[in-house]
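> I'm passing along entry.cif; it holds mmCIF, C-alpha atoms.
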data_data
loop_
_atom_site.label_atom_id
_atom_site.label_comp_id
_atom_site.auth_asym_id
_atom_site.auth_seq_id
_atom_site.Cartn_x
_atom_site.Cartn_y
_atom_site.Cartn_z
CA THR A 111 19.33 11.17 6.14
CA VAL A 112 16.99 8.28 5.44
CA THR A 113 16.06 7.84 9.11
CA MET A 114 15.15 11.50 9.47
CA ARG A 115 12.99 11.43 6.33
CA LEU A 116 11.22 8.26 7.48
CA ASN A 117 10.55 9.75 10.92
CA ILE A 118 9.12 12.91 9.37
CA ALA A 119 7.00 10.78 7.03
CA GLN A 120 5.66 8.76 9.98
CA ALA A 121 4.78 11.91 11.89
CA LEU A 122 2.97 13.33 8.86
CA LEU A 123 1.06 10.06 8.41
CA LYS A 124 -0.09 10.23 12.03
CA LEU A 125 -1.30 13.78 11.36
CA ARG A 126 -3.00 12.56 8.15
CA GLU A 127 -0.92 15.04 6.16
CA TYR A 128 -0.61 12.61 3.26
CA GLU A 129 0.44 15.05 0.54
CA ALA A 130 3.20 16.48 2.73
CA CYS A 131 4.37 12.95 3.59
CA ILE A 132 4.93 11.77 0.02
CA PRO A 133 8.04 13.88 -0.80
CA HIS A 134 9.76 12.66 2.37
CA CYS A 135 9.07 9.05 1.42
CA GLU A 136 10.31 9.66 -2.11
CA LYS A 137 13.54 11.27 -0.84
CA ALA A 138 14.13 8.38 1.57
CA LEU A 139 13.57 5.93 -1.29
CA GLU A 140 15.90 7.91 -3.53
CA LEU A 141 18.61 7.48 -0.89
CA GLU A 142 17.67 3.88 -0.02
CA PRO A 143 15.52 2.26 -2.76
CA THR A 144 15.05 -0.97 -0.79
CA SER A 145 13.63 0.69 2.33
CA THR A 146 10.53 -1.31 3.20
CA LYS A 147 9.49 1.39 5.67
CA GLY A 148 9.81 4.01 2.96
CA LEU A 149 7.74 1.95 0.55
CA TRP A 150 5.08 1.17 3.17
CA ARG A 151 4.77 4.80 4.26
CA LYS A 152 4.60 5.98 0.66
CA ALA A 153 1.87 3.42 -0.06
CA LYS A 154 -0.11 4.60 2.98
CA ALA A 155 0.31 8.26 1.97
CA VAL A 156 -0.66 7.86 -1.68
CA TRP A 157 -3.59 5.65 -0.74
CA GLY A 158 -4.55 8.29 1.81
CA ILE A 159 -5.02 10.75 -1.08
CA ARG A 160 -6.78 7.94 -2.96
CA ASN A 161 -4.23 7.37 -5.71
CA PRO A 162 -4.60 3.62 -6.26
CA GLY A 163 -2.03 3.44 -9.07
CA LEU A 164 0.83 4.86 -7.03
CA ALA A 165 -0.26 2.87 -3.97
CA ARG A 166 -0.19 -0.39 -5.96
CA GLU A 167 3.22 0.49 -7.39
CA ALA A 168 4.72 1.07 -3.93
CA LEU A 169 3.05 -2.05 -2.52
CA GLN A 170 4.24 -4.24 -5.36
CA ARG A 171 7.81 -2.98 -4.91
CA LEU A 172 7.46 -3.67 -1.18
CA LEU A 173 6.23 -7.20 -1.88
CA GLU A 174 9.20 -7.83 -4.17
CA LEU A 175 11.41 -7.13 -1.13
CA ASP A 176 9.17 -8.69 1.54
CA GLU A 177 7.06 -11.34 -0.18
CA GLY A 178 3.84 -12.14 1.61
CA ASN A 179 3.89 -8.99 3.77
CA ALA A 180 0.46 -9.25 5.40
CA ALA A 181 -0.11 -5.51 5.71
CA ALA A 182 0.77 -4.90 2.06
CA VAL A 183 -1.45 -7.78 0.90
CA ALA A 184 -4.32 -6.40 3.01
CA MET A 185 -3.90 -2.90 1.56
CA LEU A 186 -3.80 -4.26 -1.99
CA ARG A 187 -7.03 -6.12 -1.25
CA GLU A 188 -8.59 -2.94 0.18
CA ILE A 189 -7.63 -1.04 -2.98
CA GLU A 190 -9.08 -3.75 -5.21
CA VAL A 191 -12.35 -3.82 -3.27
CA GLU A 192 -12.74 -0.04 -3.37
CA GLU A 193 -11.92 0.11 -7.07
CA ALA A 194 -14.45 -2.66 -7.78
CA LYS A 195 -17.11 -0.71 -5.89
CA LYS A 196 -16.34 2.42 -7.93
CA ARG A 197 -16.55 0.44 -11.19
CA ALA A 198 -19.85 -1.09 -10.11
CA LYS A 199 -21.26 2.31 -9.26
CA ARG A 200 -20.24 3.67 -12.67
CA THR A 201 -21.52 0.69 -14.63
CA GLY A 202 -24.46 -0.30 -12.43
CA LYS A 203 -23.13 -3.86 -12.11
CA GLN A 204 -22.53 -5.81 -8.91
CA ALA A 205 -19.10 -5.18 -7.41
CA SER A 206 -16.55 -7.96 -7.62
CA VAL A 207 -12.81 -7.92 -7.22
CA PRO A 208 -11.36 -8.34 -10.72
CA ALA A 209 -7.75 -9.28 -9.99
CA ARG A 210 -6.28 -11.97 -7.84
CA VAL A 211 -3.57 -11.05 -5.39
CA THR A 212 -1.58 -14.21 -4.74
CA GLY A 213 0.98 -13.97 -1.98
CA GLY A 214 0.68 -10.24 -2.41
CA VAL A 215 1.93 -10.25 -6.00
CA ARG A 216 -0.48 -9.60 -8.83
CA ARG A 217 0.09 -12.03 -11.64
CA GLU A 218 -0.65 -10.99 -15.17
CA GLY A 219 -3.60 -12.73 -16.75
CA GLU A 220 -5.11 -14.00 -13.50
CA SER A 221 -8.60 -12.99 -12.55
CA GLY A 222 -11.22 -13.77 -9.95
CA PRO A 223 -11.60 -12.86 -6.30
CA LEU A 224 -8.93 -13.48 -3.73
CA PRO A 225 -9.79 -16.58 -1.70
CA THR A 226 -11.48 -15.54 1.53
CA ALA A 227 -9.08 -17.55 3.69
CA ALA A 228 -6.10 -15.65 2.29
CA VAL A 229 -7.70 -12.32 3.12
CA GLU A 230 -8.61 -13.43 6.63
CA ASP A 231 -5.10 -14.83 7.18
CA SER A 232 -3.44 -11.60 6.07
CA ALA A 233 -5.72 -9.48 8.23
CA ALA A 234 -5.30 -11.75 11.24
CA ALA A 235 -1.52 -11.68 10.90
CA GLY A 236 -1.51 -8.07 12.05
CA PRO A 237 1.07 -5.49 11.11
CA SER A 238 4.37 -6.70 9.72
CA ALA A 239 7.79 -5.20 10.09
CA ALA A 240 6.90 -2.69 7.37
CA GLU A 241 3.83 -1.52 9.26
CA ASP A 242 5.64 -0.27 12.30
CA SER A 243 4.30 1.34 15.43
CA GLY A 244 5.86 4.67 14.62
CA ALA A 245 8.79 4.31 17.00
CA ASN A 246 11.90 6.19 16.00
CA ASP A 247 14.12 4.35 13.57
#
If you took the structure in this file and wrote it as structure tokens, what would it be?

Amino acid sequence: TVTMRLNIAQALLKLREYEACIPHCEKALELEPTSTKGLWRKAKAVWGIRNPGLAREALQRLLELDEGNAAAVAMLREIEVEEAKKRAKRTGKQASVPARVTGGVRREGESGPLPTAAVEDSAAAGPSAAEDSGAND
């Protein structure tokens, strides 16, 4: 069932067994494509193995369902910052965040850093419903 898969995924996340977690998240999402917990846990797992593309995909789907989710916005920002640092290291240029994340949704054609207040607000908001405490579902 979805609940069982999500509980296994949460346990594996706590153990930092990210690769083992991903199939459970994917199965839960196959059974319930709008599961915000499934999307959040998948995003955490794929970002845990440092796959920014899959993490962004899961986070953007999550934000379509739960617009403005503070935890998802914060993780997107973290991904953007880390990717900017990697680009800067490769090119020798100063790191800057290339894409704006507005309300958690990347908009095509927009560029520039995310306003500082938005980042602080999302971080201060704490975990949302999607970023649960790990209690059984």
> Determine the nearest neighbour of Asn161 (chain A) from the options A:Ala198, A:Leu173, A:Tyr128, A:Ala181, counting all atoms listed in the file.
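So, comparing all the options, the nearest one is A:Tyr128.
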> Determine, counting all atoms listed in the file, which protein, DNA and RNA residues have an atom within 10 Å of an atom of Arg160 (chain A); residues of the same chain fewer than 6 positions away are not included. Present the result as a list in words.
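Final neighbour list, sorted by chain and number: Tyr128, Lys154, Ile189 and Glu192 of chain A.
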> Which neighbours of Leu186 (chain A) fall inside 8 Å, counting all atoms listed in the file, when residues of the same chain fewer than 2 positions from it are skipped, and could you give them as a list in words?
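Residues near the query, excluding close chain neighbours: Arg166, Leu169, Ala182, Val183, Ala184, Glu188, Ile189, Glu190, Val211 and Gly214 of chain A.
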> If I take CA of Arg115 (chain A) and CA of Glu142 (chain A), how far is one from the other in Å, to one decimal?
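Distance reported for this atom pair: 10.9 Å.
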> So how many Å separate CA of Ala165 (chain A) and CA of Ala153 (chain A), to one decimal?
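Computing the Euclidean distance for CA of Ala165 (chain A) and CA of Ala153 (chain A) yields 4.5 Å.
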> Hey, can you check how far CA of Glu193 (chain A) sits from CA of Cys135 (chain A)?
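Separation between CA of Glu193 (chain A) and CA of Cys135 (chain A): 24.3 Å.
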> Smallest atom-to-atom distance to Trp150 (chain A): which of A:Leu172, A:Leu122, A:Met114, A:Leu164, using all atoms listed in the file?
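So, comparing all the options, the nearest one is A:Leu172.
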> Compare A:Leu123, A:Val112, A:Gly202, A:Ala194 by their minimum atom-to-atom distance to Trp157 (chain A), counting only C-alpha atoms, and give me the closest one.
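Answer, going by the shortest atom-to-atom distance: A:Leu123.
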> Pick the closest to Leu141 (chain A) from A:Met185, A:Val156, A:Val191, A:Leu116: which is it, counting all atoms listed in the file?
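Using all atoms listed in the file, the shortest distance to Leu141 (chain A) belongs to A:Leu116.
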> Determine the nearest neighbour of Ala130 (chain A) from the options A:Ile118, A:Arg200, A:Arg187, A:Glu167, counting only C-alpha atoms.
A:Ile118
